[in-house]
Amino acid sequence: MTQARGLKLLLLAVVLFGGVWPVTKHALMHATPLWFATSRAGLAVISATLLALLLRRLRWPARQDMLSVLALGSLQLAGFFLLAHLALALVPAGRTAVLSNVTLMWLVPLSMLVLKERISPMRWGAVALAMLGVAIMLGPWAIDWQAPGAVSGHALLLGASLSWSVAIVLVRRFPPVSPMIDLLPWSFSLATLILGTAALLREPGGGIGMEAWPHAAFIGLLAAPIGTWAVIESGRHLNAVLASVGFLLVPVLGLGLATTWLGEPLGWDLILGGVLIMGSVVMAARG
């Protein structure tokens, strides 16, 4: 029952987060990266707080919850948003969707070292299949590594996935005593403070145009709070391999949307990589 619940939550997160990067890439035609990141975090504060008030669950976190709030707010939200949004100005949306969500390369070794999780042979096979799919989807042979921002953009995306992975491991190692939904208003508030400060320092002349606000509203009011809650809760119910492999369905969906909406090319490499990732999710679930 626990795994079934975790898989349902993971599917919800995939659906919500799959469209985030194409939407964000389109929004950045009318906004600067860090101000857009700040807006989505700030709107998520409003959404999460209203939901907590509606459920009569708005309360100050317990002392045992503070590490989770700090990990989620500073690493999974602020750190991830900051690095991924900066990268999105340098890297196509489809590639951003893939590389920023490859927590697998970090989460599996961290879970073995910190959480002492044991991984079955079938799940090791799922890891290998998933990483092969990612490598094919990224198509490093097709990247002009001499282009301005190519190396730094991809490095930022790897940093974003690492930031997300460390937060997941910390929450699993030191689980909060309060339900995760109670902690979202405080986590998003911390993220908004960090991102707002970074935006003021890095983009003093930046901002958000009117055309970008509907995009920010979709992400901040709906996708970010509900998707983040679903990811965190699924990570508490699923093995690290299954959770991280399953989350790779996000870039598969993101690539499809980037192709149909933004007109980014869809080649054999993206199709084959997507098929391999979907196969790895099936292997991980059965392992």
# chains A, B, ... in the order shown; residues from 1 in each chain; ligands from 1
$ residues_around --residues "stretch 225-237 of chain A" --least-positions-apart "2" --cutoff "9 Å" --atoms "only C-alpha atoms" --output "PyMOL selection string"
chain A and resi 2-17+41+44-45+47-48+76-77+168+171-172+175+180-181+184-185+188+219-223+239-240+242-244+247
$ select_by_dssp --residues "stretch 23-231 of chain A" --states "helix (DSSP H, G or I)" --output "number ranges by chain"
A: 23-27, 33-54, 63-88, 93-99, 104-114, 121-138, 140-142, 150-173, 180-202, 210-231
$ closest_residue --among "A:Val69, A:Ala155, A:Leu28, A:Leu55" --to "A:Ser189" --atoms "only C-alpha atoms"
A:Val69
$ atom_distance --atom1 "atom CA of A:Ala191" --atom2 "atom CA of A:Pro33"
14.8 Å
$ closest_residue --among "A:Ala130, A:Ser165, A:Ser178, A:Arg57" --to "A:Val252" --atoms "only C-alpha atoms"
A:Ala130
$ atom_distance --atom1 "atom CA of A:Ala212" --atom2 "atom CA of A:Met29"
8.0 Å
$ closest_residue --among "A:Val177, A:Leu88, A:Ala27, A:Ile136" --to "A:Ile208" --atoms "only C-alpha atoms"
A:Ala27
$ atom_distance --atom1 "atom CA of A:Leu190" --atom2 "atom CA of A:Gly73"
5.2 Å
$ closest_residue --among "A:Lys116, A:Val127, A:Leu195, A:Leu51" --to "A:Ser74" --atoms "only C-alpha atoms"
A:Leu195
$ residues_around --residues "A:Ala160" --least-positions-apart "5" --cutoff "8 Å" --atoms "only C-alpha atoms" --output "PyMOL selection string"
chain A and resi 79-84+100
$ write_last_selection --atoms "all heavy atoms" --output "PDB file, in the first residue's frame"
ATOM      1  N   GLY A  79      17.786  26.742  -3.949  1.00  0.00           N
ATOM      2  CA  GLY A  79      18.974  26.322  -4.679  1.00  0.00           C
ATOM      3  C   GLY A  79      18.638  25.773  -6.054  1.00  0.00           C
ATOM      4  O   GLY A  79      19.275  26.124  -7.053  1.00  0.00           O
ATOM      5  N   PHE A  80      17.634  24.923  -6.113  1.00  0.00           N
ATOM      6  CA  PHE A  80      17.225  24.321  -7.384  1.00  0.00           C
ATOM      7  C   PHE A  80      16.688  25.386  -8.340  1.00  0.00           C
ATOM      8  O   PHE A  80      17.085  25.451  -9.505  1.00  0.00           O
ATOM      9  CB  PHE A  80      16.162  23.256  -7.126  1.00  0.00           C
ATOM     10  CG  PHE A  80      15.679  22.581  -8.379  1.00  0.00           C
ATOM     11  CD1 PHE A  80      16.400  21.548  -8.948  1.00  0.00           C
ATOM     12  CD2 PHE A  80      14.501  22.975  -8.983  1.00  0.00           C
ATOM     13  CE1 PHE A  80      15.965  20.921 -10.120  1.00  0.00           C
ATOM     14  CE2 PHE A  80      14.050  22.362 -10.138  1.00  0.00           C
ATOM     15  CZ  PHE A  80      14.788  21.333 -10.709  1.00  0.00           C
ATOM     16  N   PHE A  81      15.772  26.230  -7.867  1.00  0.00           N
ATOM     17  CA  PHE A  81      15.197  27.280  -8.711  1.00  0.00           C
ATOM     18  C   PHE A  81      16.282  28.212  -9.240  1.00  0.00           C
ATOM     19  O   PHE A  81      16.315  28.553 -10.419  1.00  0.00           O
ATOM     20  CB  PHE A  81      14.185  28.115  -7.923  1.00  0.00           C
ATOM     21  CG  PHE A  81      12.860  27.435  -7.698  1.00  0.00           C
ATOM     22  CD1 PHE A  81      12.596  26.171  -8.175  1.00  0.00           C
ATOM     23  CD2 PHE A  81      11.864  28.090  -6.978  1.00  0.00           C
ATOM     24  CE1 PHE A  81      11.377  25.560  -7.963  1.00  0.00           C
ATOM     25  CE2 PHE A  81      10.638  27.492  -6.756  1.00  0.00           C
ATOM     26  CZ  PHE A  81      10.385  26.218  -7.250  1.00  0.00           C
ATOM     27  N   LEU A  82      17.169  28.651  -8.350  1.00  0.00           N
ATOM     28  CA  LEU A  82      18.188  29.622  -8.729  1.00  0.00           C
ATOM     29  C   LEU A  82      19.086  29.066  -9.835  1.00  0.00           C
ATOM     30  O   LEU A  82      19.284  29.694 -10.886  1.00  0.00           O
ATOM     31  CB  LEU A  82      19.019  30.001  -7.494  1.00  0.00           C
ATOM     32  CG  LEU A  82      20.002  31.170  -7.643  1.00  0.00           C
ATOM     33  CD1 LEU A  82      20.202  31.854  -6.290  1.00  0.00           C
ATOM     34  CD2 LEU A  82      21.355  30.710  -8.165  1.00  0.00           C
ATOM     35  N   LEU A  83      19.633  27.868  -9.619  1.00  0.00           N
ATOM     36  CA  LEU A  83      20.567  27.294 -10.586  1.00  0.00           C
ATOM     37  C   LEU A  83      19.879  26.922 -11.892  1.00  0.00           C
ATOM     38  O   LEU A  83      20.403  27.172 -12.984  1.00  0.00           O
ATOM     39  CB  LEU A  83      21.242  26.067  -9.972  1.00  0.00           C
ATOM     40  CG  LEU A  83      22.137  26.343  -8.756  1.00  0.00           C
ATOM     41  CD1 LEU A  83      22.599  25.039  -8.135  1.00  0.00           C
ATOM     42  CD2 LEU A  83      23.322  27.201  -9.144  1.00  0.00           C
ATOM     43  N   ALA A  84      18.677  26.325 -11.787  1.00  0.00           N
ATOM     44  CA  ALA A  84      17.980  25.884 -12.997  1.00  0.00           C
ATOM     45  C   ALA A  84      17.490  27.064 -13.834  1.00  0.00           C
ATOM     46  O   ALA A  84      17.543  27.025 -15.064  1.00  0.00           O
ATOM     47  CB  ALA A  84      16.807  24.973 -12.618  1.00  0.00           C
ATOM     48  N   SER A 100      18.273  18.819 -15.188  1.00  0.00           N
ATOM     49  CA  SER A 100      17.961  19.336 -13.854  1.00  0.00           C
ATOM     50  C   SER A 100      17.227  18.307 -13.008  1.00  0.00           C
ATOM     51  O   SER A 100      17.224  18.392 -11.776  1.00  0.00           O
ATOM     52  CB  SER A 100      17.110  20.606 -13.955  1.00  0.00           C
ATOM     53  OG  SER A 100      15.852  20.325 -14.540  1.00  0.00           O
TER      54      SER A 100
END
$ closest_residue --among "A:Val108, A:Leu156, A:Ile46, A:Leu90" --to "A:Met131" --atoms "only C-alpha atoms"
A:Val108
